[in-house]
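What's in work.txt: compact mmCIF, C-alpha atoms and all ligand atoms
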```txt
# COMPACT_ATOMS: atom_id res chain seq x y z
CA MET N 1 33.10 -57.93 -9.87
CA SER N 2 31.96 -54.83 -11.75
CA PRO N 3 32.99 -51.43 -10.34
CA PRO N 4 30.96 -50.64 -7.21
CA ALA N 5 27.75 -48.73 -7.75
CA ARG N 6 27.13 -45.51 -5.89
CA ILE N 7 25.19 -46.74 -2.86
CA ARG N 8 23.40 -43.90 -1.13
CA GLY N 9 22.61 -45.82 2.07
CA TRP N 10 19.19 -44.29 2.58
CA CYS N 11 15.77 -44.93 1.14
CA PRO N 12 13.72 -42.09 -0.27
CA GLY N 13 10.33 -41.37 1.18
CA ALA N 14 7.72 -38.68 0.69
CA TRP N 15 9.27 -36.30 3.25
CA ARG N 16 12.73 -37.08 1.94
CA PRO N 17 12.37 -37.49 -1.84
CA MET N 18 15.35 -38.55 -3.94
CA ALA N 19 16.65 -36.64 -6.97
CA THR N 20 16.83 -38.99 -9.97
CA GLY N 21 17.41 -38.61 -13.68
CA ASP N 22 13.80 -37.58 -14.29
CA GLY N 23 13.10 -35.40 -11.25
CA LEU N 24 12.24 -36.19 -7.67
CA LEU N 25 11.17 -39.68 -6.72
CA VAL N 26 8.48 -39.58 -4.01
CA ARG N 27 7.75 -42.86 -2.24
CA VAL N 28 4.49 -43.62 -0.46
CA ARG N 29 4.27 -46.42 2.11
CA PRO N 30 0.67 -47.66 2.18
CA ARG N 31 -0.44 -48.00 5.81
CA LEU N 32 -1.00 -51.72 6.57
CA GLY N 33 -0.10 -52.44 2.94
CA ARG N 34 -3.45 -51.15 1.75
CA LEU N 35 -4.97 -48.10 0.09
CA SER N 36 -8.69 -47.43 0.00
CA ARG N 37 -10.28 -46.82 -3.36
CA ALA N 38 -10.40 -43.07 -2.62
CA GLN N 39 -6.72 -43.03 -1.63
CA LEU N 40 -5.66 -44.81 -4.80
CA LEU N 41 -7.68 -42.40 -6.91
CA ALA N 42 -6.00 -39.53 -5.05
CA LEU N 43 -2.59 -41.06 -5.76
CA CYS N 44 -3.47 -41.39 -9.46
CA ASP N 45 -4.45 -37.71 -9.48
CA ALA N 46 -1.15 -36.84 -7.80
CA ALA N 47 0.89 -38.82 -10.33
CA GLU N 48 -0.73 -36.89 -13.16
CA ALA N 49 -0.74 -33.45 -11.53
CA TRP N 50 2.79 -33.42 -10.05
CA GLY N 51 4.61 -36.43 -11.52
CA SER N 52 5.12 -38.15 -14.85
CA GLY N 53 1.77 -39.97 -14.68
CA LEU N 54 3.52 -43.21 -13.83
CA ILE N 55 3.16 -45.16 -10.57
CA GLU N 56 5.75 -47.77 -9.59
CA LEU N 57 5.34 -50.67 -7.18
CA THR N 58 8.64 -51.50 -5.49
CA ARG N 59 9.93 -54.86 -4.33
CA ARG N 60 9.28 -53.72 -0.76
CA ALA N 61 5.62 -53.08 -1.65
CA ASN N 62 5.79 -49.29 -1.69
CA LEU N 63 4.29 -47.05 -4.34
CA GLN N 64 6.29 -44.27 -5.88
CA LEU N 65 5.84 -41.32 -8.18
CA ARG N 66 8.56 -40.07 -10.52
CA GLY N 67 9.21 -36.81 -12.29
CA VAL N 68 8.16 -34.52 -9.43
CA THR N 69 9.68 -31.03 -9.52
CA GLU N 70 11.19 -29.21 -6.55
CA SER N 71 8.59 -26.48 -6.96
CA GLY N 72 5.70 -28.95 -7.17
CA TRP N 73 6.74 -31.06 -4.18
CA PRO N 74 5.13 -28.90 -1.41
CA ALA N 75 1.72 -28.95 -3.09
CA LEU N 76 2.07 -32.67 -3.72
CA MET N 77 2.79 -33.21 -0.01
CA ASP N 78 -0.31 -31.22 0.96
CA HIS N 79 -2.37 -33.42 -1.35
CA LEU N 80 -0.84 -36.65 -0.01
CA ALA N 81 -1.37 -35.54 3.60
CA GLU N 82 -4.98 -34.58 2.91
CA HIS N 83 -5.65 -38.13 1.73
CA GLY N 84 -3.74 -39.91 4.50
CA LEU N 85 -0.99 -41.07 2.15
CA VAL N 86 2.02 -39.88 4.14
CA ALA N 87 3.27 -40.16 7.69
CA PRO N 88 2.69 -37.03 9.79
CA ASP N 89 6.37 -36.08 9.82
CA ILE N 90 9.83 -37.22 8.76
CA ALA N 91 10.48 -38.97 12.08
CA ALA N 92 7.40 -41.14 11.65
CA GLU N 93 8.34 -41.89 8.05
CA ARG N 94 11.79 -43.05 9.14
CA ARG N 95 10.48 -45.73 11.49
CA PRO N 96 11.07 -49.33 10.34
CA ALA N 97 8.84 -50.30 7.42
CA LEU N 98 6.15 -52.91 8.05
CA LEU N 99 5.63 -55.34 5.19
CA LEU N 100 2.41 -57.33 5.68
CA ALA N 101 1.53 -60.60 3.99
CA PRO N 102 -0.92 -59.14 1.44
CA ASP N 103 -3.78 -61.50 2.22
CA TRP N 104 -4.04 -60.57 5.91
CA ARG N 105 -7.52 -60.75 7.42
CA ASP N 106 -9.25 -58.46 9.90
CA ASP N 107 -8.85 -60.90 12.79
CA ASP N 108 -5.46 -62.45 12.09
CA ALA N 109 -2.07 -62.25 13.80
CA THR N 110 -0.46 -60.33 10.92
CA LEU N 111 -2.84 -57.40 11.29
CA GLU N 112 -2.80 -57.53 15.11
CA ALA N 113 1.02 -57.37 15.10
CA ALA N 114 1.02 -54.48 12.62
CA CYS N 115 -1.41 -52.45 14.73
CA LEU N 116 0.55 -53.10 17.92
CA LEU N 117 3.86 -52.20 16.28
CA ARG N 118 2.44 -48.98 14.88
CA GLN N 119 1.65 -47.93 18.46
CA ARG N 120 5.09 -48.86 19.76
CA LEU N 121 7.62 -48.10 17.02
CA ALA N 122 8.03 -44.48 18.16
CA ALA N 123 9.79 -45.82 21.27
CA TRP N 124 12.19 -48.06 19.30
CA PRO N 125 15.83 -47.04 18.94
CA SER N 126 17.03 -45.28 15.82
CA LEU N 127 17.70 -47.97 13.19
CA PRO N 128 19.36 -47.91 9.75
CA HIS N 129 17.10 -46.47 7.05
CA LYS N 130 16.60 -49.72 5.17
CA TRP N 131 15.44 -51.65 8.24
CA GLY N 132 12.10 -53.39 7.95
CA LEU N 133 9.83 -56.03 9.48
CA ALA N 134 7.96 -58.76 7.61
CA LEU N 135 4.65 -59.60 9.29
CA ASP N 136 3.88 -62.91 7.72
CA ALA N 137 1.81 -64.93 10.18
CA GLY N 138 -0.54 -66.74 7.80
CA PRO N 139 -0.49 -70.56 7.72
CA ALA N 140 2.72 -70.48 5.62
CA PRO N 141 5.17 -67.63 5.10
CA VAL N 142 4.95 -65.83 1.75
CA LEU N 143 7.50 -63.05 2.30
CA THR N 144 10.64 -65.14 2.77
CA GLU N 145 12.31 -63.60 -0.32
CA ALA N 146 11.31 -60.05 0.55
CA SER N 147 13.77 -57.76 2.30
CA ALA N 148 13.25 -57.61 6.10
CA ASP N 149 15.33 -57.71 9.27
CA LEU N 150 12.84 -59.32 11.64
CA ARG N 151 10.11 -61.73 10.59
CA LEU N 152 6.93 -62.88 12.30
CA GLU N 153 6.03 -66.30 10.92
CA ARG N 154 4.39 -69.61 11.85
CA SER N 155 6.02 -72.96 12.38
CA ALA N 156 4.75 -76.08 10.62
CA GLU N 157 2.86 -76.84 13.86
CA GLY N 158 1.09 -73.48 13.67
CA GLY N 159 2.84 -71.65 16.51
CA LEU N 160 4.12 -68.10 16.15
CA LEU N 161 7.83 -67.43 15.92
CA VAL N 162 10.10 -64.41 15.48
CA ARG N 163 13.03 -64.97 13.13
CA THR N 164 16.02 -62.69 12.62
CA ASP N 165 16.84 -62.37 8.93
CA GLY N 166 19.66 -64.64 7.79
CA ARG N 167 18.87 -67.44 10.25
CA ASP N 168 16.91 -70.56 9.27
CA ARG N 169 15.16 -70.87 12.63
CA GLY N 170 13.37 -68.51 14.94
CA THR N 171 12.23 -68.10 18.55
CA SER N 172 8.80 -69.42 19.54
CA VAL N 173 6.43 -66.94 21.18
CA GLU N 174 3.09 -67.42 22.96
CA ASP N 175 1.11 -64.75 21.19
CA VAL N 176 1.31 -61.52 19.20
CA GLU N 177 1.97 -59.39 22.29
CA ALA N 178 4.97 -61.58 23.14
CA ALA N 179 6.14 -61.41 19.52
CA VAL N 180 6.11 -57.61 19.53
CA ASP N 181 7.92 -57.54 22.88
CA LEU N 182 10.60 -59.85 21.49
CA MET N 183 10.96 -57.81 18.29
CA THR N 184 11.39 -54.70 20.41
CA ARG N 185 14.13 -56.33 22.51
CA LEU N 186 15.84 -57.59 19.36
CA ALA N 187 15.83 -54.09 17.84
CA HIS N 188 17.58 -52.73 20.96
CA TRP N 189 20.00 -55.69 20.97
CA PHE N 190 20.80 -55.03 17.28
CA VAL N 191 21.84 -51.46 18.02
CA GLU N 192 23.77 -52.37 21.19
CA SER N 193 25.63 -55.14 19.31
CA GLY N 194 27.01 -52.88 16.59
CA GLY N 195 24.16 -53.32 14.13
CA THR N 196 24.13 -49.68 13.11
CA GLN N 197 27.52 -50.18 11.47
CA ALA N 198 26.46 -53.52 9.92
CA GLY N 199 23.32 -51.90 8.50
CA ARG N 200 21.13 -54.98 8.23
CA MET N 201 20.36 -57.89 10.54
CA ARG N 202 21.76 -60.51 8.18
CA ARG N 203 25.11 -58.72 8.14
CA LEU N 204 25.44 -58.59 11.94
CA ASN N 205 27.90 -61.25 13.06
CA ALA N 206 26.90 -61.48 16.70
CA PRO N 207 25.42 -64.52 18.47
CA LEU N 208 21.81 -64.11 19.51
CA PRO N 209 21.28 -63.50 23.24
CA ALA N 210 20.07 -66.40 25.40
CA TRP N 211 16.61 -64.84 25.74
CA ALA N 212 16.19 -65.15 21.93
CA ALA N 213 17.51 -68.72 21.53
CA VAL N 214 16.14 -70.26 18.34
CA ASP N 215 13.93 -73.33 18.75
CA ALA N 216 11.60 -73.54 15.72
CA ALA N 217 11.74 -73.51 11.93
CA PRO N 218 9.11 -71.70 9.89
CA ALA N 219 6.63 -73.70 7.84
CA ASP N 220 7.58 -74.24 4.20
CA ALA N 221 7.15 -71.06 2.19
CA ALA N 222 4.06 -70.61 0.02
CA PRO N 223 4.15 -69.00 -3.45
CA ALA N 224 3.20 -65.42 -4.26
CA LEU N 225 -0.46 -64.63 -4.89
CA SER N 226 -1.59 -66.05 -8.23
CA LEU N 227 -3.05 -63.75 -10.84
CA GLY N 228 -6.82 -63.81 -11.18
CA ALA N 229 -9.52 -64.68 -8.66
CA HIS N 230 -8.61 -64.51 -4.96
CA PRO N 231 -10.90 -64.89 -1.92
CA LEU N 232 -10.43 -61.16 -1.23
CA GLY N 233 -10.76 -59.94 -4.82
CA TRP N 234 -8.67 -60.15 -7.96
CA VAL N 235 -4.90 -60.10 -8.53
CA VAL N 236 -3.25 -58.32 -11.46
CA GLY N 237 0.40 -57.92 -12.43
CA LEU N 238 2.19 -54.67 -13.28
CA PRO N 239 4.68 -54.91 -16.17
CA PHE N 240 8.13 -54.41 -14.60
CA GLY N 241 6.36 -52.94 -11.57
CA ARG N 242 5.11 -49.88 -13.46
CA VAL N 243 1.67 -48.68 -14.45
CA GLN N 244 0.13 -45.49 -15.77
CA ALA N 245 -2.22 -43.72 -13.36
CA SER N 246 -4.90 -43.76 -16.08
CA THR N 247 -4.65 -47.57 -16.24
CA LEU N 248 -5.12 -47.91 -12.50
CA ARG N 249 -8.02 -45.49 -12.53
CA ALA N 250 -9.69 -47.58 -15.25
CA ALA N 251 -9.16 -50.69 -13.12
CA LEU N 252 -11.20 -49.00 -10.38
CA ALA N 253 -14.13 -48.39 -12.70
CA ASP N 254 -15.90 -51.42 -11.26
CA ASP N 255 -17.81 -50.20 -8.18
CA ASP N 256 -17.07 -53.48 -6.41
CA VAL N 257 -13.43 -52.48 -5.87
CA THR N 258 -13.05 -51.19 -2.31
CA GLY N 259 -9.28 -50.77 -2.23
CA ILE N 260 -5.97 -52.33 -3.15
CA ARG N 261 -3.38 -54.37 -1.28
CA VAL N 262 0.23 -53.91 -2.35
CA THR N 263 2.66 -56.83 -2.67
CA PRO N 264 6.44 -57.18 -3.11
CA TRP N 265 5.88 -59.22 -6.31
CA ARG N 266 4.84 -56.49 -8.79
CA ARG N 267 1.24 -57.58 -8.24
CA LEU N 268 -1.76 -55.76 -6.81
CA LEU N 269 -4.74 -57.34 -5.11
CA LEU N 270 -7.88 -55.41 -6.03
CA GLU N 271 -10.15 -55.91 -3.03
CA GLY N 272 -13.75 -56.78 -3.76
CA LEU N 273 -13.37 -57.33 -7.51
CA ARG N 274 -15.02 -60.56 -8.64
CA THR N 275 -14.53 -60.53 -12.39
CA LYS N 276 -11.73 -59.95 -14.87
CA ILE N 277 -10.84 -56.36 -15.63
CA ASN N 278 -11.37 -55.47 -19.27
CA ASP N 279 -11.93 -59.16 -20.04
CA GLY N 280 -8.23 -59.69 -19.35
CA ASP N 281 -7.30 -57.58 -22.39
CA PRO N 282 -3.51 -58.15 -22.82
CA ALA N 283 -3.13 -54.60 -24.11
CA ASP N 284 -4.70 -52.86 -21.12
CA GLY N 285 -1.38 -52.15 -19.38
CA LEU N 286 -1.78 -54.90 -16.76
CA ILE N 287 -0.71 -58.54 -16.67
CA HIS N 288 -3.46 -61.16 -16.39
CA ASP N 289 -1.66 -64.32 -17.49
CA GLU N 290 0.82 -66.31 -15.36
CA GLY N 291 2.59 -67.29 -18.58
CA ASP N 292 3.51 -63.67 -19.36
CA PRO N 293 7.32 -63.58 -19.73
CA ARG N 294 7.49 -60.17 -18.03
CA LEU N 295 6.65 -61.89 -14.72
CA ALA N 296 10.05 -63.61 -14.87
CA MET N 297 11.95 -60.34 -15.29
CA ASP N 298 13.25 -57.85 -12.73
CA VAL N 299 14.00 -54.52 -14.35
CA CYS N 300 15.06 -51.21 -12.81
CA PRO N 301 14.03 -47.91 -14.45
CA GLY N 302 17.47 -47.40 -16.06
CA ALA N 303 18.35 -44.37 -18.19
CA PRO N 304 17.11 -41.70 -18.50
CA HIS N 305 15.01 -42.16 -15.36
CA CYS N 306 17.90 -42.92 -13.01
CA ALA N 307 20.94 -40.67 -12.98
CA GLN N 308 23.25 -43.58 -12.13
CA ALA N 309 22.26 -45.64 -15.16
CA SER N 310 24.50 -45.65 -18.21
CA VAL N 311 22.03 -47.69 -20.29
CA ALA N 312 18.29 -47.88 -20.90
CA THR N 313 16.63 -50.99 -19.49
CA LEU N 314 12.93 -50.93 -20.28
CA GLY N 315 13.16 -51.12 -24.09
CA LEU N 316 15.59 -54.02 -23.82
CA ALA N 317 13.27 -55.75 -21.36
CA ARG N 318 10.32 -55.44 -23.74
CA ALA N 319 12.40 -56.75 -26.65
CA LEU N 320 13.54 -59.73 -24.57
CA ALA N 321 10.00 -60.47 -23.40
CA GLU N 322 8.80 -60.55 -27.01
CA ARG N 323 11.65 -62.79 -28.02
CA ARG N 324 11.11 -65.15 -25.13
CA GLY N 325 7.37 -65.48 -25.65
CA LYS N 326 4.79 -66.96 -23.35
CA ARG N 327 6.09 -69.30 -20.62
CA PRO N 328 4.16 -72.21 -19.09
CA ASP N 329 4.39 -70.26 -15.80
CA GLY N 330 6.14 -66.88 -15.88
CA ARG N 331 6.84 -67.05 -12.15
CA SER N 332 8.81 -70.26 -12.20
CA ALA N 333 10.71 -69.53 -15.43
CA GLY N 334 14.42 -68.74 -15.05
CA ARG N 335 14.70 -65.14 -13.96
CA VAL N 336 16.21 -62.35 -16.01
CA HIS N 337 17.51 -59.27 -14.26
CA ILE N 338 18.17 -56.08 -16.22
CA SER N 339 19.96 -53.41 -14.23
CA GLY N 340 21.05 -49.95 -15.29
CA CYS N 341 24.12 -50.23 -13.04
CA ALA N 342 25.80 -52.67 -10.66
CA LYS N 343 23.69 -51.60 -7.68
CA GLY N 344 20.93 -53.98 -8.75
CA CYS N 345 17.93 -52.16 -7.24
CA ALA N 346 15.35 -54.40 -8.93
CA ARG N 347 16.76 -57.65 -7.51
CA GLY N 348 19.13 -58.18 -4.61
CA ARG N 349 19.56 -61.91 -5.20
CA SER N 350 21.09 -63.90 -8.01
CA ALA N 351 19.21 -64.43 -11.26
CA GLU N 352 19.74 -67.03 -13.96
CA LEU N 353 20.66 -64.24 -16.39
CA SER N 354 21.60 -60.66 -15.60
CA LEU N 355 22.37 -57.78 -17.93
CA THR N 356 24.09 -54.93 -16.13
CA GLY N 357 24.84 -51.53 -17.63
CA ARG N 358 28.43 -50.31 -17.55
CA ASP N 359 29.85 -47.40 -19.54
CA GLY N 360 26.91 -47.40 -21.93
CA ARG N 361 27.06 -51.12 -22.75
CA TYR N 362 25.76 -54.30 -21.11
CA ASP N 363 27.61 -56.99 -19.14
CA LEU N 364 26.10 -60.49 -19.21
CA ILE N 365 26.23 -62.43 -15.94
CA LEU N 366 25.13 -66.04 -15.51
CA GLY N 367 23.69 -67.20 -12.20
CA GLY N 368 24.79 -64.14 -10.22
CA ARG N 369 23.85 -60.71 -9.00
CA ALA N 370 24.10 -57.55 -11.05
CA ASP N 371 27.57 -56.82 -9.63
CA HIS N 372 29.04 -60.28 -10.17
CA THR N 373 31.71 -61.20 -12.70
CA PRO N 374 30.34 -61.16 -16.26
CA ILE N 375 30.92 -63.83 -18.90
CA ALA N 376 30.61 -61.20 -21.65
CA THR N 377 31.08 -57.44 -21.63
CA GLY N 378 30.52 -54.49 -23.92
CA LEU N 379 27.28 -55.83 -25.45
CA GLY N 380 24.97 -53.53 -27.38
CA GLU N 381 21.21 -53.94 -27.02
CA ALA N 382 20.84 -56.08 -30.16
CA ASP N 383 23.83 -58.25 -29.11
CA ALA N 384 22.26 -58.75 -25.69
CA VAL N 385 18.96 -59.90 -27.19
CA GLU N 386 20.73 -62.34 -29.50
CA ARG N 387 22.92 -63.73 -26.71
CA LEU N 388 19.95 -64.40 -24.46
CA ALA N 389 17.84 -65.82 -27.29
CA ALA N 390 20.69 -68.22 -28.10
CA LEU N 391 20.95 -69.27 -24.44
CA TRP N 392 17.19 -69.91 -24.25
CA ALA N 393 17.27 -71.88 -27.48
CA SER N 394 20.01 -74.11 -26.11
CA THR N 395 18.19 -75.04 -22.89
S1 LIG V 401 20.18 -50.33 -10.37
FE1 LIG V 401 18.97 -49.09 -11.75
S2 LIG V 401 17.63 -47.84 -10.46
FE2 LIG V 401 19.26 -48.67 -9.15
S3 LIG V 401 20.81 -47.06 -9.11
FE3 LIG V 401 21.38 -48.49 -10.75
S4 LIG V 401 20.44 -47.66 -12.60
FE4 LIG V 401 19.47 -46.65 -10.86
```
Any chance you could put this one into structure tokens?
Ligand code: SF4
Amino acid sequence: MSPPARIRGWCPGAWRPMATGDGLLVRVRPRLGRLSRAQLLALCDAAEAWGSGLIELTRRANLQLRGVTESGWPALMDHLAEHGLVAPDIAAERRPALLLAPDWRDDDATLEAACLLRQRLAAWPSLPHKWGLALDAGPAPVLTEASADLRLERSAEGGLLVRTDGRDRGTSVEDVEAAVDLMTRLAHWFVESGGTQAGRMRRLNAPLPAWAAVDAAPADAAPALSLGAHPLGWVVGLPFGRVQASTLRAALADDDVTGIRVTPWRRLLLEGLRTKINDGDPADGLIHDEGDPRLAMDVCPGAPHCAQASVATLGLARALAERRGKRPDGRSAGRVHISGCAKGCARGRSAELSLTGRDGRYDLILGGRADHTPIATGLGEADAVERLAALWAST
């Protein structure tokens, strides 16, 4: 293993921004996984007025601004509050995050559960900062790879079930009300069983109580939303999860766009849009093609944006994407993870190929996480590109 990264153990928010290599990082959790058109325009304005002009979409479907100064943060918070982009206070912001399947509908169980939980979470016990719930009650789960501690899903027969993360099967429930009741009991049980020390549900080695006995498996997982036309609008990709505010504003130029839905897959669903943006111009700062090699890459901001990074990541990622070229399907291609340090923020799971920064050089890891044992160390950027190109050529 590489030397342990500095794990902070808490997630930044808007009320509790994090100091990084390029200023404060301010994270916005879109309520119900959606921003109206006006809210997104307000966020674009905020990114340009108080941040670096860049907006990032995280793998937990949050939006974040970088480069905010200490002196600018209070005015930024006023602006975010005015547009309904932040929780009313730090206590509300610290409640467990709700990750919704992005294609929820107005009358479905995912939205009903989210609304019920929003009313009840204030009465939940205090939980570790990274705790979250995946509300994924469409016909087939789509959030199985996203980070969450409790999951609301459907079985192959169509019934609702609540599944604790790390277990293959869940507990059947009659309806959404019963699901929220069970999630509430499980949150209390987690704390009473020593979960606060474990941190996450999957790390808690305690048998489930009898009242939460598992009896159903979720339906087979469905893939992420495809780029292009969708019944609710149009899906676009963000290169490495980053986009300039000006690019997003241009994407809203079509009056048909009513809002956006965020996803944990570096993709945005533009609600109401019926036609390609900019004719799918590959140079417009968005991804329109499933064969784009950047879709198969997970890349953290790296140096100089993150103070813990000893290497830059984004230039290397672009060089590798050019070298790799278009894939038949960028989603299913072997994944490449580029990480500024061993913490591996951009991808918690293994990847076919990982390049991890250490002491200003790159380690190459095959089939592991960013902190796993490398097969080569001390690579410069050009060496790393050549090593990966050689591996691709041989497969
Ligand atoms: S993985 Fe990247 S973003 Fe995360 S702490 Fe390390 S350098 Fe920073």
Query raised in the report: Quick one: of N:Pro231, N:Lys130, N:Asp254, N:Ala221, who's nearest to N:Thr196, counting all atoms listed in the file?
Result: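 Among the listed residues, the smallest separation from N:Thr196 belongs to N:Lys130.
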**Report entry** Residues near N:Trp124, cut-off 8 Å, all atoms listed in the file, skip fewer than 3 positions along chain, as a list in words
**Finding:**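 Returned residues: Arg120, Leu121, Thr184, Ala187 and His188 of chain N.
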Requested in this report: Counting all atoms listed in the file, figure out which residue out of N:Ala390, N:Leu364, N:Ala61, N:Ile375 gets nearest to N:Arg324.
Outcome: N:Ala390
Could you build a table of the residues in chain N lying no more than 10 Å from ligand LIG 401 (chain V), giving for each the nearest pair of atoms and their separation in Å rounded to one decimal place, using all atoms listed in the file, ordered by chain and ascending residue number, as CSV?
```
residue,atom,partner,partner_atom,distance
N:Ala5,CA,V:LIG401,FE3,7.0
N:Arg6,CA,V:LIG401,S3,7.3
N:Ile7,CA,V:LIG401,S3,7.6
N:Arg8,CA,V:LIG401,S3,9.0
N:Thr20,CA,V:LIG401,FE4,8.2
N:Gly21,CA,V:LIG401,FE4,8.8
N:Val299,CA,V:LIG401,FE1,7.8
N:Cys300,CA,V:LIG401,FE1,4.6
N:Pro301,CA,V:LIG401,S2,5.4
N:Gly302,CA,V:LIG401,S4,4.6
N:Ala303,CA,V:LIG401,S4,6.8
N:Pro304,CA,V:LIG401,S4,9.0
N:His305,CA,V:LIG401,FE4,7.8
N:Cys306,CA,V:LIG401,FE4,4.6
N:Ala307,CA,V:LIG401,FE4,6.5
N:Gln308,CA,V:LIG401,S4,5.0
N:Ala309,CA,V:LIG401,S4,3.7
N:Ser310,CA,V:LIG401,S4,7.2
N:Val311,CA,V:LIG401,S4,7.9
N:Ala312,CA,V:LIG401,S4,8.6
N:Thr313,CA,V:LIG401,FE1,8.3
N:Ile338,CA,V:LIG401,FE1,8.3
N:Ser339,CA,V:LIG401,S1,4.9
N:Gly340,CA,V:LIG401,S4,3.6
N:Cys341,CA,V:LIG401,FE3,4.0
N:Ala342,CA,V:LIG401,FE3,6.1
N:Lys343,CA,V:LIG401,S1,4.6
N:Gly344,CA,V:LIG401,S1,4.1
N:Cys345,CA,V:LIG401,FE2,4.2
N:Ala346,CA,V:LIG401,S1,6.5
N:Arg347,CA,V:LIG401,S1,8.6
N:Gly348,CA,V:LIG401,S1,9.8
N:Thr356,CA,V:LIG401,S1,8.3
N:Gly357,CA,V:LIG401,S4,7.7
N:Arg358,CA,V:LIG401,S4,9.8
N:Ala370,CA,V:LIG401,S1,8.2
N:Asp371,CA,V:LIG401,S1,9.9
```
Just write the chosen residues, C-alpha atoms, as a compact mmCIF listing (two decimals), in the coordinates of the input.
```txt
# COMPACT_ATOMS: atom_id res chain seq x y z
CA ALA N 5 27.75 -48.73 -7.75
CA ARG N 6 27.13 -45.51 -5.89
CA ILE N 7 25.19 -46.74 -2.86
CA ARG N 8 23.40 -43.90 -1.13
CA THR N 20 16.83 -38.99 -9.97
CA GLY N 21 17.41 -38.61 -13.68
CA VAL N 299 14.00 -54.52 -14.35
CA CYS N 300 15.06 -51.21 -12.81
CA PRO N 301 14.03 -47.91 -14.45
CA GLY N 302 17.47 -47.40 -16.06
CA ALA N 303 18.35 -44.37 -18.19
CA PRO N 304 17.11 -41.70 -18.50
CA HIS N 305 15.01 -42.16 -15.36
CA CYS N 306 17.90 -42.92 -13.01
CA ALA N 307 20.94 -40.67 -12.98
CA GLN N 308 23.25 -43.58 -12.13
CA ALA N 309 22.26 -45.64 -15.16
CA SER N 310 24.50 -45.65 -18.21
CA VAL N 311 22.03 -47.69 -20.29
CA ALA N 312 18.29 -47.88 -20.90
CA THR N 313 16.63 -50.99 -19.49
CA ILE N 338 18.17 -56.08 -16.22
CA SER N 339 19.96 -53.41 -14.23
CA GLY N 340 21.05 -49.95 -15.29
CA CYS N 341 24.12 -50.23 -13.04
CA ALA N 342 25.80 -52.67 -10.66
CA LYS N 343 23.69 -51.60 -7.68
CA GLY N 344 20.93 -53.98 -8.75
CA CYS N 345 17.93 -52.16 -7.24
CA ALA N 346 15.35 -54.40 -8.93
CA ARG N 347 16.76 -57.65 -7.51
CA GLY N 348 19.13 -58.18 -4.61
CA THR N 356 24.09 -54.93 -16.13
CA GLY N 357 24.84 -51.53 -17.63
CA ARG N 358 28.43 -50.31 -17.55
CA ALA N 370 24.10 -57.55 -11.05
CA ASP N 371 27.57 -56.82 -9.63
```
Where does stretch 77-192 of chain N meet stretch 260-276 of chain N within 12 Å, residue by residue, with the nearest atom pair and distance in Å to one decimal for each, counting all atoms listed in the file, listed by chain and rising number, as a Markdown table?
```
| residue | atom | partner | partner_atom | distance |
| --- | --- | --- | --- | --- |
| N:Leu98 | CA | N:Thr263 | CA | 11.9 |
| N:Leu99 | CA | N:Thr263 | CA | 8.5 |
| N:Leu100 | CA | N:Thr263 | CA | 8.4 |
| N:Ala101 | CA | N:Thr263 | CA | 7.7 |
| N:Pro102 | CA | N:Thr263 | CA | 5.9 |
| N:Asp103 | CA | N:Arg261 | CA | 8.0 |
| N:Trp104 | CA | N:Arg261 | CA | 9.5 |
| N:Arg105 | CA | N:Arg261 | CA | 11.6 |
| N:Ala134 | CA | N:Pro264 | CA | 10.9 |
| N:Val142 | CA | N:Pro264 | CA | 10.0 |
| N:Leu143 | CA | N:Pro264 | CA | 8.1 |
| N:Thr144 | CA | N:Pro264 | CA | 10.8 |
| N:Glu145 | CA | N:Pro264 | CA | 9.1 |
| N:Ala146 | CA | N:Pro264 | CA | 6.7 |
| N:Ser147 | CA | N:Pro264 | CA | 9.1 |
| N:Ala148 | CA | N:Pro264 | CA | 11.5 |
```
Query raised in the report: Which residue, N:Val68, N:Leu80, N:Ile90, N:Val243, has the smallest gap to N:Gly13 when you use all atoms listed in the file?
Result: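 That would be N:Ile90, the residue with the smallest distance to N:Gly13.
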Query raised in the report: Using all atoms listed in the file, which of the listed residues (N:Asp89, N:Asp175, N:Asp359, N:Glu192) sits closest to N:Gly380?
Result: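 Once distances to N:Gly380 are computed over all atoms listed in the file, the minimum belongs to N:Asp359.
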Requested in this report: Find the distance between atom CA of N:Phe190 and atom CA of N:Pro30 and write it in Å to one decimal.
Outcome: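 Pair atom CA of N:Phe190 / atom CA of N:Pro30 returns 26.2 Å.
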Requested in this report: Can you work out the spacing between atom CA of N:Gly132 and atom CA of N:Gly233 in Å, to one decimal?
Outcome: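 Distance between the two atoms: 27.0 Å.
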Taking all atoms of stretch 238-246 of chain N that appear in the file, build a box with edges along x, y and z, extend it by 6 Å on every side, and state its centre and edge lengths in Å to one decimal, as JSON.
```
{"center_x": 1.6, "center_y": -49.3, "center_z": -13.9, "size_x": 25.0, "size_y": 23.2, "size_z": 16.6}
```
Requested in this report: Could you give me, as a list in words, the residues within 6 Å of N:Gly259, counting all atoms listed in the file and dropping anything in the same chain fewer than 2 positions from it?
Outcome: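 So the residues in contact are Leu35, Ser36, Arg37, Val257 and Glu271 of chain N.
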